[in-house]
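Scroll down for the structure; my scribbles are underneath it.
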Amino acid sequence: MSAQVAVTVLGTDRPGIVCEVASLLAGKGCNIDDLTQTVLQDEFAGIFLVSLPQSVGSKQLLTDLSTELAPLGLVPYVKSVQPPKPPGSRLQVEPFVVVCIGEDQVGLIAAVTCEMKRMEVNITNIRSVPGTAAFAHRVVTILEVDVPADQELQEVTAALSRIGEERNIQVTIQHKRIFEDICRV
Amino acid sequence: MLSEREVISTLEMVKNENLDVRTVTLGISLFDCASHDQAKTREAVREKIVRIGADFVAKCDRVGAKYGIPVVNKRIAVSPIAVVGASFSSGELVALAQTLDQAAREVGIDFIGGFSALVEKGAARGDAALMDAIPEALQSTQRVCASVNVASSKSGINMDAVWTMGRVIKETARLTADRDGLGCAKLCVFANIPEDIPFMAGAYLGTGEPDTVINVGVSGPGVVKKAVDRALAHDPGLSFDRLSEIIKRTAYKVTRVGELIGREVASELGVLFGIVDLSLAPTPNVGDSVGEIFQSLGLEGIGVPGSTALLALLNDAVKKGGAFASSHVGGLSGAFIPVSEDVNIAQSVAQGCLCLEKLEAMTCVCSVGLDMVPVPGETPAETIAAIVADEMAIGVINKKTTAARLIPVPGKAAGQEVEFGGLLGRAPIMSLRHMQGSAGFIRHGGRIPAPLHSLVN
């Protein structure tokens with residue numbers, strides 16, 4: 001095994017996509033090291049972290065996958081992957097959960113995430129869900145984020161509150177542990 | 001990765017159901033401050049409280065902001081002052097109470113507990129001086145809370161102390177008559193007092209406790225009520241087995257919050273984490289009431305027939321869920337039923353659903369006892385003492401903590417309303433039957449012997 005690549009596959013969701021992609025990769029001697037998939041409404045997106053055999057290059061893999069997946073209605077993309085940073089070199093961060101609740105509006109996600117970019121807050125997961133009984137007729141956007149340990153939480157809270165006031169939405173930020181501790185044994 | 005349900009349900013508990021940490025209480029031992037010299041003791045007490053408690057409020061606020069869970073009350077509990085100041089006169093102990101008040105003001109907390117004595121088997125000189133000092137101490141301070149343990153299951157009931165406390169309660173009410181006897185709201189008489197209560201007015205730091213410790217009291221009546229309401233909306237015919245399970249799970253969640261916040265505050269302060277007190281603590285706000293849970297479960301109001309059984313169910317489920325959630329549970333742990341601090345319980349009194357006798361019966365299965373009960377100002381000290389004795393007997397025989405926090409409101413009669421403000425709330429004054437009928441009994445004095453526990457029935 002040599003280089004590792006990320007193979008992204010997009011398409012309309014249906015049964016069999018992961019099977020088809022995994023079978024093609026196995027046929028070329030590629031090992032799947034890690035994978036994840038998500039489905040938004042009817043759109044499928046899957047990412048496969050793959051170790052390539054010596055005989056296969058990333059360009060060749062993309063060409064082959066494009067040809068083979070096109071009849072199945074799937075679009076691949078192949079990207080080289082940098083080796084992961086050793087644990088000690090990573091930025092010290094604290095995990096928080098930001099929740100925005102309000103009426104759907106153009107530019108809301110951009111406003112929140114750009115503020116996070118300014119404060120070097122990294123988003124590790126984001127999704128929007130329809131409101132529950134308690135938050136009826138509103139969109140709930142949940143962002144799991146890593147806040148740098150040296151970043152004042154007060155500043156992050158103030159910035160998010162400001163966006164909330166400007167856009168008439170409720171924005172909260174809470175440490176992730178509170179959700180885990182309350183909900184999980 | 002968190003699920004949407006985990007995030008949204010947690011958010012609902014915090015934002016819509018009044019989930020908070022009701023109190024984080026910093027325990028500080030003052031035994032190393034004791035000296036024969038009154039001035040030296042007072043200075044050592046002030047210095048130690050201010051040194052250890054200086055960042056306490058700020059750290060609680062910071063941890064609360066980090067988790068998005070407000071820490072409503074930050075308090076301090078100290079060693080029983082009757083022991084710390086055992087060699088002092090009652091006048092000197094009043095001065096020591098004022099020092100505690102000053103130190104509490106300096107560190108920005110609203111209550112400091114521990115102006116306390118343990119006299120279940122008899123009073124030493126310091127204990128007697130402290131009981132004498134209580135009325136003036138509570139009249140001349142704003143933040144000091146007092147408690148006296150007059151009974152235990154192993155020692156019986158010290159009826160001399162009970163009679164003394166009847167007079168102390170009356171005198172405290174008289175000295176704070178301009179505030180409707182408010183001083184009595186800061187005074188508890190206990191049987192089987194635990195050493196680690198984080199809730200006022202009973203909080204003190206017991207002799208078996210560390211030098212400094214954080215104890216946490218959670219809240220949660222609103223959260224329990226909403227959980228019950230949701231379940232019943234989905235299935236109105238739910239059995240008590242299922243309802244108990246729902247309350248248990250809710251208590252688990254609430255307790256986890258308390259433990260998480262408490263441990264982090266303790267870590268930030270560099271002190272030990274003690275216990276989580278599982279008590280459901282109401283406030284005078286609508287939606288944050290133990291009494292409302294009774295209505296959700298089908299009773300017209302707290303106090304009507306069925307109330308004792310329901311309270312037993314509630315208490316047990318809260319303890320089961322909480323005990324699973326935390327490694328260290330202590331304090332009182334159950335459901336408080338304070339009359340004036342719970343808007344729904346106060347309404348039940350006004351509507352005639354709840355009388356003193358039924359309240360007393362319910363204290364057999366609740367976590368504390370007769371709590372924040374306003375009674376007519378003309379109630380004799382003997383009658384006050386007799387009510388206390390009844391409540392102590394319930395604790396002693398049932399091997400549980402009980403307490404009496406009675407407020408004979410000067411100049412007011414049964415049915416009139418009294419308002420203490422803030423968390424202490426408002427309530428109608430409860431009527432007492434046979435108000436003059438206990439004098440001969442109380443004046444016997446001595447000690448009611450400890451009960452035999454091997455022939456239980």
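Ligands are numbered from 1 in the order shown, residues from 1 within each chain, and chains are lettered A, B, ... in the order they appear in the structure tokens.
Using only C-alpha atoms, the protein and nucleic acid residues lying no more than 12 Å from B:Gly301, apart from those fewer than 6 places from it along its own chain, are Ser289, Val290, Gly291, Glu292, Ile293, Phe294, Gln295, Ser307, Thr308, Leu310, Val343, Asn344, Ile345, Ala346, Gln347, Ser348, Val349, Ala350, Gln351, Gly352, Cys353, Leu354 and Cys355 of chain B.
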Would you save the residues from that selection as a compact mmCIF listing (two decimals), in the first residue's frame, using all heavy atoms?
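Final output, saved to result_34.txt:
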```
# COMPACT_ATOMS: atom_id res chain seq x y z
N SER B 289 -42.94 24.33 40.21
CA SER B 289 -43.61 24.02 41.45
C SER B 289 -43.76 22.50 41.62
O SER B 289 -44.08 21.79 40.66
CB SER B 289 -45.01 24.67 41.42
OG SER B 289 -45.90 23.97 42.23
N VAL B 290 -43.54 22.02 42.83
CA VAL B 290 -43.80 20.61 43.14
C VAL B 290 -45.32 20.37 43.13
O VAL B 290 -45.80 19.34 42.65
CB VAL B 290 -43.19 20.24 44.50
CG1 VAL B 290 -43.65 18.85 44.94
CG2 VAL B 290 -41.67 20.27 44.44
N GLY B 291 -46.06 21.34 43.63
CA GLY B 291 -47.51 21.20 43.68
C GLY B 291 -48.14 20.97 42.31
O GLY B 291 -49.12 20.23 42.17
N GLU B 292 -47.57 21.59 41.28
CA GLU B 292 -48.13 21.43 39.93
C GLU B 292 -48.00 19.99 39.44
O GLU B 292 -48.80 19.53 38.61
CB GLU B 292 -47.44 22.39 38.95
CG GLU B 292 -47.87 23.83 39.15
CD GLU B 292 -47.08 24.81 38.29
OE1 GLU B 292 -46.48 24.38 37.30
OE2 GLU B 292 -47.05 25.99 38.64
N ILE B 293 -46.97 19.28 39.91
CA ILE B 293 -46.82 17.87 39.52
C ILE B 293 -48.02 17.08 40.04
O ILE B 293 -48.53 16.20 39.36
CB ILE B 293 -45.50 17.29 40.08
CG1 ILE B 293 -44.29 18.06 39.55
CG2 ILE B 293 -45.36 15.81 39.72
CD1 ILE B 293 -42.97 17.69 40.21
N PHE B 294 -48.49 17.43 41.24
CA PHE B 294 -49.65 16.75 41.81
C PHE B 294 -50.87 16.93 40.91
O PHE B 294 -51.65 16.01 40.69
CB PHE B 294 -49.94 17.29 43.22
CG PHE B 294 -49.01 16.76 44.27
CD1 PHE B 294 -47.65 16.98 44.20
CD2 PHE B 294 -49.50 16.03 45.34
CE1 PHE B 294 -46.79 16.49 45.17
CE2 PHE B 294 -48.66 15.52 46.32
CZ PHE B 294 -47.29 15.77 46.24
N GLN B 295 -51.02 18.15 40.40
CA GLN B 295 -52.17 18.41 39.53
C GLN B 295 -52.02 17.68 38.20
O GLN B 295 -52.99 17.14 37.67
CB GLN B 295 -52.32 19.92 39.32
CG GLN B 295 -52.78 20.62 40.60
CD GLN B 295 -52.98 22.10 40.44
OE1 GLN B 295 -52.24 22.76 39.71
NE2 GLN B 295 -53.97 22.64 41.14
N SER B 307 -52.56 12.60 48.25
CA SER B 307 -51.34 13.40 48.17
C SER B 307 -50.14 12.70 48.80
O SER B 307 -49.02 12.79 48.29
CB SER B 307 -51.55 14.75 48.87
OG SER B 307 -52.54 15.49 48.22
N THR B 308 -50.36 12.01 49.91
CA THR B 308 -49.24 11.35 50.58
C THR B 308 -48.69 10.22 49.71
O THR B 308 -47.47 10.08 49.55
CB THR B 308 -49.67 10.82 51.96
OG1 THR B 308 -50.34 11.87 52.66
CG2 THR B 308 -48.48 10.36 52.77
N LEU B 310 -48.93 9.99 46.47
CA LEU B 310 -48.27 10.57 45.30
C LEU B 310 -46.88 11.10 45.66
O LEU B 310 -45.91 10.91 44.91
CB LEU B 310 -49.14 11.69 44.72
CG LEU B 310 -48.86 12.08 43.28
CD1 LEU B 310 -50.05 12.81 42.69
CD2 LEU B 310 -47.64 12.95 43.15
N VAL B 343 -45.63 28.27 44.68
CA VAL B 343 -46.85 29.03 44.44
C VAL B 343 -48.09 28.12 44.47
O VAL B 343 -49.15 28.50 44.96
CB VAL B 343 -46.74 29.82 43.11
CG1 VAL B 343 -46.72 28.89 41.91
CG2 VAL B 343 -47.88 30.80 42.98
N ASN B 344 -47.92 26.91 43.99
CA ASN B 344 -49.06 26.00 43.93
C ASN B 344 -49.45 25.48 45.31
O ASN B 344 -50.64 25.32 45.62
CB ASN B 344 -48.69 24.83 43.00
CG ASN B 344 -49.88 23.99 42.64
OD1 ASN B 344 -50.25 23.13 43.42
ND2 ASN B 344 -50.48 24.24 41.50
N ILE B 345 -48.45 25.23 46.15
CA ILE B 345 -48.76 24.77 47.51
C ILE B 345 -49.44 25.89 48.30
O ILE B 345 -50.41 25.66 49.04
CB ILE B 345 -47.48 24.26 48.22
CG1 ILE B 345 -46.92 23.03 47.48
CG2 ILE B 345 -47.76 23.90 49.68
CD1 ILE B 345 -45.63 22.48 48.03
N ALA B 346 -48.95 27.10 48.12
CA ALA B 346 -49.58 28.24 48.79
C ALA B 346 -51.05 28.38 48.35
O ALA B 346 -51.94 28.65 49.16
CB ALA B 346 -48.80 29.52 48.49
N GLN B 347 -51.29 28.16 47.04
CA GLN B 347 -52.67 28.24 46.54
C GLN B 347 -53.54 27.14 47.15
O GLN B 347 -54.72 27.35 47.46
CB GLN B 347 -52.68 28.11 45.01
CG GLN B 347 -52.32 29.40 44.29
CD GLN B 347 -52.08 29.18 42.80
OE1 GLN B 347 -52.25 28.07 42.29
NE2 GLN B 347 -51.68 30.24 42.13
N SER B 348 -52.94 25.95 47.31
CA SER B 348 -53.69 24.84 47.91
C SER B 348 -54.12 25.18 49.33
O SER B 348 -55.21 24.80 49.77
CB SER B 348 -52.84 23.57 47.91
OG SER B 348 -52.77 23.02 46.63
N VAL B 349 -53.26 25.88 50.06
CA VAL B 349 -53.62 26.31 51.42
C VAL B 349 -54.79 27.28 51.33
O VAL B 349 -55.79 27.16 52.05
CB VAL B 349 -52.42 26.96 52.13
CG1 VAL B 349 -52.85 27.56 53.46
CG2 VAL B 349 -51.31 25.94 52.34
N ALA B 350 -54.69 28.25 50.41
CA ALA B 350 -55.73 29.26 50.27
C ALA B 350 -57.07 28.63 49.89
O ALA B 350 -58.14 29.08 50.31
CB ALA B 350 -55.31 30.30 49.23
N GLN B 351 -57.02 27.58 49.07
CA GLN B 351 -58.26 26.94 48.59
C GLN B 351 -58.81 25.90 49.57
O GLN B 351 -59.83 25.26 49.30
CB GLN B 351 -57.98 26.27 47.24
CG GLN B 351 -57.76 27.29 46.12
CD GLN B 351 -57.07 26.68 44.91
OE1 GLN B 351 -56.77 25.48 44.90
NE2 GLN B 351 -56.80 27.50 43.92
N GLY B 352 -58.07 25.66 50.66
CA GLY B 352 -58.55 24.71 51.65
C GLY B 352 -58.20 23.26 51.35
O GLY B 352 -58.69 22.34 52.01
N CYS B 353 -57.36 23.04 50.33
CA CYS B 353 -56.95 21.65 50.02
C CYS B 353 -55.94 21.15 51.05
O CYS B 353 -55.85 19.95 51.31
CB CYS B 353 -56.30 21.58 48.64
SG CYS B 353 -57.39 21.93 47.28
N LEU B 354 -55.15 22.05 51.59
CA LEU B 354 -54.03 21.63 52.44
C LEU B 354 -54.12 22.30 53.80
O LEU B 354 -54.15 23.52 53.90
CB LEU B 354 -52.71 22.04 51.75
CG LEU B 354 -51.42 21.63 52.45
CD1 LEU B 354 -51.30 20.11 52.54
CD2 LEU B 354 -50.21 22.18 51.70
N CYS B 355 -54.16 21.45 54.84
CA CYS B 355 -54.14 21.96 56.20
C CYS B 355 -52.84 21.49 56.86
O CYS B 355 -52.11 20.66 56.30
CB CYS B 355 -55.34 21.46 56.99
SG CYS B 355 -55.35 19.66 57.19
```
Worksheet item: Do you know which residues are at most 12 Å from B:Gly331 counting only C-alpha atoms, after dropping those on the same chain fewer than 6 positions away, and could you put them as a VMD selection string?
Response: chain B and resid 25 192 to 200 202 to 206 215 to 218 274 to 279 319 367 to 368 400 to 402
Practice prompt. Please determine the contact residues of chain B with respect to chain A at a cut-off of 8 Å, counting only C-alpha atoms, and supply them as a PyMOL selection string.
Written response: chain B and resi 1-2+4+6-8+10+12+65-68+252-254+256-257+260
Worksheet entry | Expected answer as a PyMOL selection string: helix (DSSP H, G or I) residues in stretch 240-396 of chain B | chain B and resi 240-269+290-296+307-325+343-350+356-362+381-396
Pick out each residue of stretch 141-302 of chain B that DSSP on the backbone tags as strand (DSSP E or B); I need them as a compact mmCIF listing (two decimals) with all heavy atoms, in the first residue's frame.
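For reference, part-v7.txt as written:
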```txt
# COMPACT_ATOMS: atom_id res chain seq x y z
N VAL B 144 -27.15 35.50 57.29
CA VAL B 144 -26.84 34.35 58.14
C VAL B 144 -28.07 33.45 58.33
O VAL B 144 -29.17 33.95 58.57
CB VAL B 144 -26.31 34.82 59.51
CG1 VAL B 144 -26.14 33.64 60.47
CG2 VAL B 144 -24.99 35.56 59.33
N CYS B 145 -27.85 32.13 58.21
CA CYS B 145 -28.92 31.17 58.46
C CYS B 145 -28.53 30.28 59.64
O CYS B 145 -27.36 29.94 59.82
CB CYS B 145 -29.14 30.29 57.24
SG CYS B 145 -29.84 31.18 55.86
N ALA B 146 -29.54 29.91 60.42
CA ALA B 146 -29.29 29.15 61.65
C ALA B 146 -30.04 27.83 61.60
O ALA B 146 -31.10 27.73 60.99
CB ALA B 146 -29.73 29.97 62.86
N SER B 147 -29.47 26.83 62.27
CA SER B 147 -30.18 25.55 62.40
C SER B 147 -29.76 24.89 63.70
O SER B 147 -28.63 25.07 64.16
CB SER B 147 -29.86 24.63 61.21
OG SER B 147 -28.47 24.41 61.12
N VAL B 148 -30.70 24.15 64.27
CA VAL B 148 -30.42 23.44 65.52
C VAL B 148 -30.99 22.04 65.39
O VAL B 148 -32.17 21.86 65.07
CB VAL B 148 -31.03 24.16 66.73
CG1 VAL B 148 -30.78 23.36 68.00
CG2 VAL B 148 -30.46 25.57 66.87
N ASN B 149 -30.13 21.03 65.58
CA ASN B 149 -30.59 19.65 65.53
C ASN B 149 -30.97 19.22 66.94
O ASN B 149 -30.10 19.12 67.82
CB ASN B 149 -29.48 18.74 64.97
CG ASN B 149 -30.00 17.37 64.63
OD1 ASN B 149 -30.77 17.23 63.68
ND2 ASN B 149 -29.63 16.36 65.40
N VAL B 150 -32.25 18.97 67.14
CA VAL B 150 -32.72 18.69 68.50
C VAL B 150 -33.08 17.22 68.71
O VAL B 150 -33.51 16.84 69.81
CB VAL B 150 -33.95 19.56 68.86
CG1 VAL B 150 -33.60 21.04 68.81
CG2 VAL B 150 -35.12 19.26 67.94
N ALA B 151 -32.94 16.42 67.66
CA ALA B 151 -33.37 15.02 67.79
C ALA B 151 -32.63 14.13 66.81
O ALA B 151 -32.16 14.60 65.77
CB ALA B 151 -34.87 14.93 67.53
N SER B 152 -32.51 12.87 67.18
CA SER B 152 -31.97 11.89 66.23
C SER B 152 -32.55 10.53 66.57
O SER B 152 -33.03 10.29 67.69
CB SER B 152 -30.44 11.84 66.29
OG SER B 152 -30.02 11.14 67.44
N GLY B 156 -32.96 10.09 70.45
CA GLY B 156 -34.30 10.52 70.86
C GLY B 156 -34.49 12.01 70.63
O GLY B 156 -33.79 12.62 69.82
N ILE B 157 -35.45 12.56 71.35
CA ILE B 157 -35.77 13.99 71.15
C ILE B 157 -35.43 14.76 72.42
O ILE B 157 -35.94 14.44 73.51
CB ILE B 157 -37.27 14.19 70.83
CG1 ILE B 157 -37.69 13.30 69.65
CG2 ILE B 157 -37.56 15.66 70.53
CD1 ILE B 157 -39.20 13.31 69.40
N ASN B 158 -34.57 15.74 72.29
CA ASN B 158 -34.21 16.59 73.42
C ASN B 158 -35.34 17.62 73.61
O ASN B 158 -35.36 18.65 72.93
CB ASN B 158 -32.87 17.29 73.14
CG ASN B 158 -32.44 18.19 74.27
OD1 ASN B 158 -33.23 18.52 75.16
ND2 ASN B 158 -31.18 18.59 74.25
N LEU B 187 -34.27 30.06 59.86
CA LEU B 187 -34.04 29.23 61.04
C LEU B 187 -34.76 27.88 60.90
O LEU B 187 -35.98 27.85 60.73
CB LEU B 187 -34.56 29.96 62.28
CG LEU B 187 -34.61 29.17 63.60
CD1 LEU B 187 -33.23 28.66 63.99
CD2 LEU B 187 -35.17 30.06 64.71
N CYS B 188 -33.99 26.79 60.99
CA CYS B 188 -34.58 25.45 60.88
C CYS B 188 -34.29 24.66 62.14
O CYS B 188 -33.16 24.70 62.65
CB CYS B 188 -33.94 24.68 59.73
SG CYS B 188 -34.70 25.01 58.16
N VAL B 189 -35.28 23.89 62.58
CA VAL B 189 -35.07 22.94 63.67
C VAL B 189 -35.11 21.54 63.05
O VAL B 189 -36.05 21.23 62.31
CB VAL B 189 -36.15 23.06 64.75
CG1 VAL B 189 -35.82 22.17 65.94
CG2 VAL B 189 -36.29 24.51 65.21
N PHE B 190 -34.10 20.73 63.36
CA PHE B 190 -33.94 19.46 62.65
C PHE B 190 -33.99 18.25 63.56
O PHE B 190 -33.62 18.31 64.74
CB PHE B 190 -32.56 19.41 61.97
CG PHE B 190 -32.52 20.02 60.60
CD1 PHE B 190 -32.14 21.34 60.42
CD2 PHE B 190 -32.83 19.26 59.49
CE1 PHE B 190 -32.10 21.89 59.16
CE2 PHE B 190 -32.79 19.80 58.22
CZ PHE B 190 -32.41 21.13 58.06
N ALA B 191 -34.38 17.11 62.96
CA ALA B 191 -34.07 15.78 63.49
C ALA B 191 -33.20 15.10 62.43
O ALA B 191 -33.46 15.23 61.24
CB ALA B 191 -35.34 14.97 63.70
N THR B 212 -12.54 21.99 52.91
CA THR B 212 -13.37 22.75 51.97
C THR B 212 -14.00 21.75 51.00
O THR B 212 -13.34 20.78 50.60
CB THR B 212 -12.54 23.76 51.14
OG1 THR B 212 -11.40 23.09 50.62
CG2 THR B 212 -12.10 24.94 51.98
N VAL B 213 -15.21 21.99 50.62
CA VAL B 213 -15.93 21.03 49.78
C VAL B 213 -17.05 21.74 49.03
O VAL B 213 -17.59 22.74 49.53
CB VAL B 213 -16.48 19.88 50.65
CG1 VAL B 213 -17.52 20.38 51.64
CG2 VAL B 213 -17.06 18.74 49.82
N ILE B 214 -17.35 21.23 47.85
CA ILE B 214 -18.49 21.75 47.08
C ILE B 214 -19.63 20.75 47.12
O ILE B 214 -19.45 19.59 46.75
CB ILE B 214 -18.09 22.00 45.60
CG1 ILE B 214 -17.17 23.21 45.47
CG2 ILE B 214 -19.32 22.18 44.72
CD1 ILE B 214 -17.83 24.54 45.71
N ASN B 215 -20.78 21.18 47.59
CA ASN B 215 -22.00 20.36 47.53
C ASN B 215 -23.01 21.07 46.63
O ASN B 215 -23.08 22.30 46.62
CB ASN B 215 -22.59 20.17 48.93
CG ASN B 215 -21.68 19.33 49.82
OD1 ASN B 215 -21.05 18.38 49.35
ND2 ASN B 215 -21.59 19.68 51.08
N VAL B 216 -23.77 20.27 45.90
CA VAL B 216 -24.64 20.84 44.87
C VAL B 216 -26.09 20.42 45.11
O VAL B 216 -26.35 19.26 45.43
CB VAL B 216 -24.20 20.35 43.47
CG1 VAL B 216 -25.20 20.77 42.41
CG2 VAL B 216 -22.84 20.92 43.14
N GLY B 217 -27.00 21.35 44.95
CA GLY B 217 -28.42 21.03 45.00
C GLY B 217 -29.04 21.28 43.63
O GLY B 217 -28.90 22.38 43.09
N VAL B 218 -29.67 20.26 43.09
CA VAL B 218 -30.29 20.43 41.77
C VAL B 218 -31.74 20.90 41.96
O VAL B 218 -32.24 20.95 43.07
CB VAL B 218 -30.26 19.12 40.97
CG1 VAL B 218 -28.84 18.68 40.74
CG2 VAL B 218 -31.05 18.01 41.67
N LEU B 272 -12.45 19.74 47.12
CA LEU B 272 -13.09 18.46 46.87
C LEU B 272 -14.54 18.64 46.43
O LEU B 272 -15.18 19.62 46.81
CB LEU B 272 -13.08 17.61 48.15
CG LEU B 272 -11.74 17.04 48.60
CD1 LEU B 272 -11.90 16.38 49.96
CD2 LEU B 272 -11.22 16.04 47.57
N PHE B 273 -15.01 17.68 45.63
CA PHE B 273 -16.43 17.64 45.32
C PHE B 273 -17.10 16.72 46.33
O PHE B 273 -16.62 15.61 46.57
CB PHE B 273 -16.67 17.14 43.90
CG PHE B 273 -18.12 16.92 43.59
CD1 PHE B 273 -18.97 18.00 43.42
CD2 PHE B 273 -18.65 15.65 43.50
CE1 PHE B 273 -20.31 17.82 43.16
CE2 PHE B 273 -19.99 15.44 43.24
CZ PHE B 273 -20.82 16.54 43.06
N GLY B 274 -18.21 17.17 46.91
CA GLY B 274 -18.88 16.40 47.94
C GLY B 274 -20.02 15.57 47.40
O GLY B 274 -19.84 14.44 46.96
N ILE B 275 -21.21 16.16 47.37
CA ILE B 275 -22.41 15.38 47.01
C ILE B 275 -23.34 16.19 46.11
O ILE B 275 -23.23 17.41 46.03
CB ILE B 275 -23.21 14.97 48.27
CG1 ILE B 275 -23.59 16.19 49.14
CG2 ILE B 275 -22.43 13.97 49.10
CD1 ILE B 275 -24.94 16.75 48.93
N VAL B 276 -24.24 15.46 45.47
CA VAL B 276 -25.39 16.10 44.84
C VAL B 276 -26.59 15.81 45.73
O VAL B 276 -26.83 14.66 46.10
CB VAL B 276 -25.65 15.54 43.43
CG1 VAL B 276 -26.84 16.26 42.79
CG2 VAL B 276 -24.44 15.68 42.55
N ASP B 277 -27.32 16.83 46.07
CA ASP B 277 -28.58 16.69 46.80
C ASP B 277 -29.69 16.64 45.75
O ASP B 277 -29.83 17.56 44.95
CB ASP B 277 -28.77 17.88 47.74
CG ASP B 277 -30.03 17.76 48.60
OD1 ASP B 277 -31.06 17.31 48.08
OD2 ASP B 277 -29.96 18.13 49.79
N LEU B 280 -36.03 17.95 44.78
CA LEU B 280 -36.76 18.81 43.86
C LEU B 280 -37.10 20.08 44.63
O LEU B 280 -37.87 20.05 45.58
CB LEU B 280 -38.06 18.14 43.41
CG LEU B 280 -37.95 16.90 42.53
CD1 LEU B 280 -39.35 16.43 42.13
CD2 LEU B 280 -37.13 17.17 41.29
N ILE B 302 -52.50 19.86 45.87
CA ILE B 302 -51.68 19.15 46.86
C ILE B 302 -52.38 19.26 48.22
O ILE B 302 -52.84 20.34 48.61
CB ILE B 302 -50.25 19.72 46.90
CG1 ILE B 302 -49.35 18.87 47.81
CG2 ILE B 302 -50.20 21.17 47.31
CD1 ILE B 302 -47.86 19.20 47.66
```
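Considering the residues A:Leu65, A:Asn122, A:Gly57, A:Leu40 and counting only C-alpha atoms, A:Ser23 has its shortest atom-to-atom contact with A:Leu65.
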Worksheet entry | Minimum-distance residue to A:Phe44, chosen among A:Lys59, A:Arg162, A:Arg14, A:Arg138 (using only C-alpha atoms) |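 That would be A:Arg14, the residue with the smallest distance to A:Phe44.
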